[in-house]
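For reference, model-v7.cif is printed below; it contains mmCIF, C-alpha atoms.
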data_input
#
loop_
_atom_site.label_atom_id
_atom_site.label_comp_id
_atom_site.auth_asym_id
_atom_site.auth_seq_id
_atom_site.Cartn_x
_atom_site.Cartn_y
_atom_site.Cartn_z
CA MET A 1 12.83 6.02 1.22
CA LYS A 2 11.00 5.65 4.54
CA ASP A 3 11.35 9.33 5.36
CA THR A 4 9.95 10.33 1.98
CA PHE A 5 6.95 8.02 2.38
CA PHE A 6 6.10 9.38 5.80
CA GLN A 7 6.66 13.02 4.78
CA ARG A 8 4.41 12.63 1.75
CA ILE A 9 1.63 10.85 3.60
CA GLN A 10 1.74 13.46 6.34
CA ASN A 11 1.29 16.19 3.74
CA ASN A 12 -1.47 14.32 1.89
CA PRO A 13 -3.00 11.21 3.50
CA ILE A 14 -5.06 10.24 0.43
CA ILE A 15 -3.61 7.42 -1.69
CA ALA A 16 -5.00 6.67 -5.15
CA ALA A 17 -5.51 2.90 -5.35
CA VAL A 18 -5.57 1.96 -9.04
CA ASN A 19 -7.32 -1.34 -9.77
CA ASP A 20 -7.88 -0.67 -13.48
CA VAL A 21 -5.03 0.25 -15.85
CA ASN A 22 -7.41 2.61 -17.65
CA CYS A 23 -7.71 4.72 -14.47
CA LEU A 24 -3.99 5.42 -14.12
CA ASP A 25 -4.23 8.77 -15.92
CA GLU A 26 -6.90 9.95 -13.49
CA ALA A 27 -4.70 8.95 -10.56
CA ILE A 28 -1.75 10.82 -12.06
CA ASP A 29 -3.91 13.90 -12.62
CA SER A 30 -5.39 13.75 -9.10
CA PRO A 31 -4.07 15.73 -6.12
CA ALA A 32 -2.86 12.47 -4.51
CA ASP A 33 0.90 12.14 -3.97
CA MET A 34 0.93 8.33 -3.97
CA VAL A 35 -0.42 5.49 -6.05
CA PHE A 36 -1.05 1.94 -4.91
CA MET A 37 -0.94 -0.09 -8.13
CA LEU A 38 -3.34 -3.01 -7.72
CA THR A 39 -3.20 -4.26 -11.29
CA GLY A 40 -0.60 -4.83 -13.97
CA ASN A 41 1.68 -7.38 -15.46
CA ILE A 42 5.27 -8.06 -16.34
CA PHE A 43 4.85 -6.18 -19.64
CA ASN A 44 3.02 -2.98 -18.61
CA LEU A 45 4.32 -2.47 -15.07
CA PRO A 46 7.66 -0.80 -15.97
CA GLU A 47 5.93 1.85 -18.12
CA MET A 48 3.25 2.52 -15.49
CA VAL A 49 5.85 2.96 -12.76
CA GLU A 50 7.79 5.40 -14.96
CA ARG A 51 4.65 7.43 -15.74
CA VAL A 52 3.78 7.78 -12.07
CA LYS A 53 7.35 8.72 -11.14
CA ALA A 54 7.48 11.27 -14.01
CA ALA A 55 4.47 12.97 -12.37
CA ASP A 56 6.52 13.31 -9.14
CA MET A 57 4.33 10.80 -7.35
CA GLN A 58 5.30 7.73 -5.40
CA ILE A 59 4.15 4.28 -6.52
CA TYR A 60 3.81 1.11 -4.48
CA ILE A 61 2.95 -2.07 -6.35
CA HIS A 62 0.80 -4.85 -4.94
CA LEU A 63 2.99 -7.79 -5.83
CA ASP A 64 0.29 -10.38 -5.14
CA LEU A 65 -1.92 -8.85 -7.85
CA MET A 66 0.72 -8.50 -10.58
CA GLU A 67 0.55 -11.04 -13.38
CA GLY A 68 3.66 -12.79 -14.66
CA PHE A 69 5.72 -12.55 -11.47
CA SER A 70 6.37 -15.42 -9.10
CA ARG A 71 6.09 -14.68 -5.40
CA ASP A 72 9.73 -15.20 -4.47
CA ALA A 73 13.07 -13.50 -3.85
CA MET A 74 14.04 -13.43 -7.54
CA ALA A 75 10.85 -11.58 -8.52
CA MET A 76 11.42 -9.14 -5.64
CA ARG A 77 14.99 -8.56 -6.77
CA TYR A 78 13.88 -7.98 -10.37
CA ILE A 79 11.19 -5.53 -9.29
CA GLY A 80 13.54 -3.70 -6.95
CA GLU A 81 16.45 -3.44 -9.38
CA ARG A 82 14.73 -3.13 -12.76
CA ILE A 83 11.28 -1.63 -12.20
CA GLN A 84 12.19 0.37 -9.09
CA PRO A 85 8.86 1.30 -7.52
CA HIS A 86 9.04 3.16 -4.23
CA GLY A 87 7.91 -0.02 -2.50
CA ILE A 88 5.71 -3.07 -2.53
CA ILE A 89 2.42 -4.15 -0.97
CA THR A 90 1.73 -7.78 -0.14
CA THR A 91 -0.30 -10.04 2.11
CA LYS A 92 2.54 -12.57 2.16
CA SER A 93 4.77 -12.61 5.24
CA ASN A 94 7.68 -14.20 3.38
CA LEU A 95 7.66 -11.34 0.83
CA ILE A 96 7.69 -8.74 3.61
CA LYS A 97 10.82 -10.38 5.04
CA ILE A 98 12.47 -10.57 1.60
CA ALA A 99 11.65 -6.92 0.86
CA ARG A 100 13.09 -5.79 4.17
CA GLU A 101 16.29 -7.77 3.52
CA MET A 102 16.58 -6.05 0.13
CA ASN A 103 15.86 -2.63 1.63
CA ILE A 104 12.60 -2.30 -0.30
CA PHE A 105 9.82 -0.38 1.46
CA ALA A 106 7.22 -2.99 2.43
CA ILE A 107 3.53 -2.49 3.21
CA GLN A 108 1.78 -5.53 4.66
CA ARG A 109 -1.85 -5.75 3.65
CA LEU A 110 -4.17 -7.32 6.24
CA PHE A 111 -7.73 -8.43 5.58
CA ILE A 112 -9.54 -8.32 8.92
CA LEU A 113 -12.57 -10.59 8.69
CA ASP A 114 -12.99 -11.62 12.32
CA SER A 115 -11.22 -11.65 15.69
CA LEU A 116 -8.98 -14.54 14.63
CA SER A 117 -7.72 -12.71 11.52
CA LEU A 118 -7.13 -9.62 13.68
CA GLU A 119 -5.10 -11.64 16.20
CA THR A 120 -3.15 -13.38 13.41
CA GLY A 121 -2.53 -10.03 11.68
CA ILE A 122 -1.15 -8.45 14.85
CA LYS A 123 1.19 -11.43 15.38
CA SER A 124 2.31 -11.13 11.76
CA ILE A 125 3.12 -7.44 12.17
CA HIS A 126 5.25 -8.21 15.23
CA ALA A 127 7.06 -11.03 13.43
CA ASN A 128 7.64 -9.29 10.08
CA ARG A 129 8.01 -5.63 11.08
CA PRO A 130 6.71 -4.12 7.82
CA ASP A 131 7.37 -0.44 7.17
CA ALA A 132 3.59 0.16 7.15
CA VAL A 133 0.38 -1.86 7.37
CA GLU A 134 -2.74 -1.50 5.26
CA VAL A 135 -5.88 -2.64 7.10
CA LEU A 136 -8.88 -3.72 5.07
CA PRO A 137 -11.68 -2.90 5.25
CA GLY A 138 -10.64 0.57 6.28
CA ILE A 139 -13.98 1.54 7.78
CA MET A 140 -13.31 -0.07 11.17
CA PRO A 141 -12.02 2.65 13.53
CA LYS A 142 -11.90 0.30 16.53
CA VAL A 143 -9.71 -2.17 14.64
CA ILE A 144 -7.42 0.62 13.40
CA ARG A 145 -7.02 1.84 16.99
CA GLN A 146 -6.31 -1.69 18.22
CA VAL A 147 -3.71 -2.43 15.53
CA ARG A 148 -1.97 0.90 16.26
CA ALA A 149 -2.06 0.35 20.03
CA GLU A 150 -0.79 -3.23 19.94
CA THR A 151 1.86 -2.86 17.23
CA LYS A 152 2.82 0.83 17.03
CA ALA A 153 2.79 0.26 13.24
CA ALA A 154 1.98 2.97 10.73
CA VAL A 155 -1.54 2.03 9.60
CA ILE A 156 -3.19 2.84 6.29
CA ALA A 157 -6.94 2.30 6.04
CA GLY A 158 -8.11 0.79 2.75
CA GLY A 159 -11.20 -0.77 1.29
CA LEU A 160 -14.79 0.45 1.43
CA ILE A 161 -13.68 4.07 1.88
CA ASN A 162 -16.58 5.79 0.13
CA ASP A 163 -16.85 9.34 1.41
CA LYS A 164 -15.22 12.13 3.38
CA GLU A 165 -16.69 10.84 6.64
CA ASP A 166 -14.95 7.46 6.14
CA VAL A 167 -11.65 9.27 5.55
CA ILE A 168 -12.03 11.48 8.62
CA GLU A 169 -13.05 8.59 10.90
CA SER A 170 -10.10 6.46 9.74
CA LEU A 171 -7.62 9.27 10.33
CA LYS A 172 -9.16 10.11 13.73
CA ALA A 173 -8.76 6.43 14.68
CA GLY A 174 -5.01 6.66 14.08
CA ALA A 175 -4.53 5.77 10.42
CA ILE A 176 -1.73 7.82 8.83
CA GLY A 177 -3.37 7.55 5.42
CA VAL A 178 -6.31 6.22 3.45
CA SER A 179 -6.13 4.28 0.19
CA SER A 180 -9.15 4.16 -2.09
CA SER A 181 -10.00 3.19 -5.64
CA ASN A 182 -12.95 5.58 -5.46
CA GLN A 183 -11.83 8.48 -7.64
CA ALA A 184 -14.02 10.97 -5.75
CA ILE A 185 -11.88 10.32 -2.66
CA TRP A 186 -8.66 11.17 -4.54
CA SER A 187 -9.64 14.85 -4.69
CA LEU A 188 -10.58 15.33 -1.02
#
Could you spell out this file's structure in C-alpha cells?
Amino acid sequence: MKDTFFQRIQNNPIIAAVNDVNCLDEAIDSPADMVFMLTGNIFNLPEMVERVKAADMQIYIHLDLMEGFSRDAMAMRYIGERIQPHGIITTKSNLIKIAREMNIFAIQRLFILDSLSLETGIKSIHANRPDAVEVLPGIMPKVIRQVRAETKAAVIAGGLINDKEDVIESLKAGAIGVSSSNQAIWSL
C-alpha cells in the first residue's frame, strides 16, 4: 500500500480534496490519481469509496469528518475491513497509532497556527510515525521545509492552495504532493 501511494504521488502530486459529496464526480473525472474524502457518512461512504476505486484512483478518508463513526479502534477496524479505503486521514494521534497497528495507511493532518502548534506537530510526528503528514495551510514553504527537515516525514501541503504558483512553491519547499478542494487545481 505504501509503495503504491508514493508511486502515484510521484507521478501526479495533485490530490483532489472533496469536501462536498456533489463534487465527487468532478474529482473522479479529473486527472488526479488520488482523492482525499473530507465529507461523508456511514451510509454513503462505502458507495463513494467503490466509485473512486472503480475509476482506478486511490481514496483516503478523513475519519474525523465522517458522520456516524466513533473515533476508536472498532470504527477503524470496520472502515479497514468493510469499506477498505486506501488509507485514512486524521488529526488524532490515537487514531494514527491504531491505524498503524492495523496496517492501514495513515496520514496525520496538522493545522499549523503558530510556533507552538508547529512544535507540538513535530513532536506528534516523531511519536506517532504516520505514513505521511498533511500540513495546513499548505502555503507556508518555510514550515514545510522545517517539518521535512526535522521529521523526514513525507509532507503533503493542503489548505489555501489557490493557483499554480502555490502548488509549485509547496513542491519546491519539499512537499511530495498538494491537496486542494479547488477544482481548478485538480487539472494542473
Between atom CA of A:Ile89 and atom CA of A:Ile107 - distance in Å to one decimal: 4.6 Å
Straight-line distance linking atom CA of A:Glu67 with atom CA of A:Ala106, stated in Å to one decimal: 19.0 Å
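Distance annotation: of A:Ile42, A:Ala184, A:Val155, A:Ala55, the residue with the minimal separation from A:Ala132 is A:Val155; atom set is only C-alpha atoms.
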Contact residues around A:Gln7 with all atoms listed in the file at 12 Å, ignoring same-chain residues under 5 positions, as a list in words: Met1, Lys2, Asn12, Pro13, Asp33, Met34, Gln58, Ile176 and Gly177 of chain A
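Of the residues under consideration (A:Ile9, A:Ile112, A:Ala73, A:Ile83), A:Ile83 shows the shortest atom-to-atom contact distance to A:Ile61 when counting all atoms listed in the file.
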Missing atoms of stretch 101-115 of chain A rebuilt to N, CA, C and O atoms, written as a PDB file, keeping the file's coordinate frame:
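Result written to out-v9.pdb:
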ATOM      1  N   GLU A 101      14.889  -7.385   3.721  1.00  0.00           N
ATOM      2  CA  GLU A 101      16.290  -7.770   3.520  1.00  0.00           C
ATOM      3  C   GLU A 101      16.909  -7.047   2.327  1.00  0.00           C
ATOM      4  O   GLU A 101      18.114  -6.784   2.324  1.00  0.00           O
ATOM      5  N   MET A 102      16.102  -6.736   1.334  1.00  0.00           N
ATOM      6  CA  MET A 102      16.580  -6.050   0.130  1.00  0.00           C
ATOM      7  C   MET A 102      16.427  -4.532   0.225  1.00  0.00           C
ATOM      8  O   MET A 102      16.641  -3.820  -0.742  1.00  0.00           O
ATOM      9  N   ASN A 103      16.034  -4.049   1.392  1.00  0.00           N
ATOM     10  CA  ASN A 103      15.860  -2.630   1.630  1.00  0.00           C
ATOM     11  C   ASN A 103      14.798  -2.014   0.709  1.00  0.00           C
ATOM     12  O   ASN A 103      14.953  -0.896   0.219  1.00  0.00           O
ATOM     13  N   ILE A 104      13.743  -2.770   0.471  1.00  0.00           N
ATOM     14  CA  ILE A 104      12.600  -2.300  -0.300  1.00  0.00           C
ATOM     15  C   ILE A 104      11.480  -1.980   0.680  1.00  0.00           C
ATOM     16  O   ILE A 104      11.150  -2.807   1.538  1.00  0.00           O
ATOM     17  N   PHE A 105      10.898  -0.785   0.571  1.00  0.00           N
ATOM     18  CA  PHE A 105       9.820  -0.380   1.460  1.00  0.00           C
ATOM     19  C   PHE A 105       8.663  -1.377   1.324  1.00  0.00           C
ATOM     20  O   PHE A 105       8.191  -1.648   0.227  1.00  0.00           O
ATOM     21  N   ALA A 106       8.214  -1.920   2.446  1.00  0.00           N
ATOM     22  CA  ALA A 106       7.220  -2.990   2.430  1.00  0.00           C
ATOM     23  C   ALA A 106       5.977  -2.636   3.237  1.00  0.00           C
ATOM     24  O   ALA A 106       6.075  -2.308   4.418  1.00  0.00           O
ATOM     25  N   ILE A 107       4.824  -2.723   2.576  1.00  0.00           N
ATOM     26  CA  ILE A 107       3.530  -2.490   3.210  1.00  0.00           C
ATOM     27  C   ILE A 107       2.817  -3.842   3.283  1.00  0.00           C
ATOM     28  O   ILE A 107       2.590  -4.479   2.256  1.00  0.00           O
ATOM     29  N   GLN A 108       2.499  -4.262   4.490  1.00  0.00           N
ATOM     30  CA  GLN A 108       1.780  -5.530   4.660  1.00  0.00           C
ATOM     31  C   GLN A 108       0.290  -5.249   4.665  1.00  0.00           C
ATOM     32  O   GLN A 108      -0.209  -4.439   5.447  1.00  0.00           O
ATOM     33  N   ARG A 109      -0.411  -5.916   3.771  1.00  0.00           N
ATOM     34  CA  ARG A 109      -1.850  -5.750   3.650  1.00  0.00           C
ATOM     35  C   ARG A 109      -2.540  -6.828   4.478  1.00  0.00           C
ATOM     36  O   ARG A 109      -2.266  -8.012   4.321  1.00  0.00           O
ATOM     37  N   LEU A 110      -3.444  -6.404   5.369  1.00  0.00           N
ATOM     38  CA  LEU A 110      -4.170  -7.320   6.240  1.00  0.00           C
ATOM     39  C   LEU A 110      -5.666  -7.228   5.983  1.00  0.00           C
ATOM     40  O   LEU A 110      -6.239  -6.141   6.052  1.00  0.00           O
ATOM     41  N   PHE A 111      -6.287  -8.363   5.698  1.00  0.00           N
ATOM     42  CA  PHE A 111      -7.730  -8.430   5.580  1.00  0.00           C
ATOM     43  C   PHE A 111      -8.276  -8.894   6.930  1.00  0.00           C
ATOM     44  O   PHE A 111      -8.011 -10.021   7.361  1.00  0.00           O
ATOM     45  N   ILE A 112      -9.008  -8.016   7.595  1.00  0.00           N
ATOM     46  CA  ILE A 112      -9.540  -8.320   8.920  1.00  0.00           C
ATOM     47  C   ILE A 112     -11.005  -8.745   8.755  1.00  0.00           C
ATOM     48  O   ILE A 112     -11.879  -7.922   8.501  1.00  0.00           O
ATOM     49  N   LEU A 113     -11.235 -10.042   8.894  1.00  0.00           N
ATOM     50  CA  LEU A 113     -12.570 -10.590   8.690  1.00  0.00           C
ATOM     51  C   LEU A 113     -13.267 -10.926  10.005  1.00  0.00           C
ATOM     52  O   LEU A 113     -14.490 -10.929  10.086  1.00  0.00           O
ATOM     53  N   ASP A 114     -12.454 -11.226  11.026  1.00  0.00           N
ATOM     54  CA  ASP A 114     -12.990 -11.620  12.320  1.00  0.00           C
ATOM     55  C   ASP A 114     -11.898 -11.460  13.368  1.00  0.00           C
ATOM     56  O   ASP A 114     -10.784 -11.021  13.062  1.00  0.00           O
ATOM     57  N   SER A 115     -12.203 -11.841  14.615  1.00  0.00           N
ATOM     58  CA  SER A 115     -11.220 -11.650  15.690  1.00  0.00           C
ATOM     59  C   SER A 115      -9.981 -12.522  15.489  1.00  0.00           C
ATOM     60  O   SER A 115      -8.883 -12.118  15.857  1.00  0.00           O
TER      61      SER A 115
END
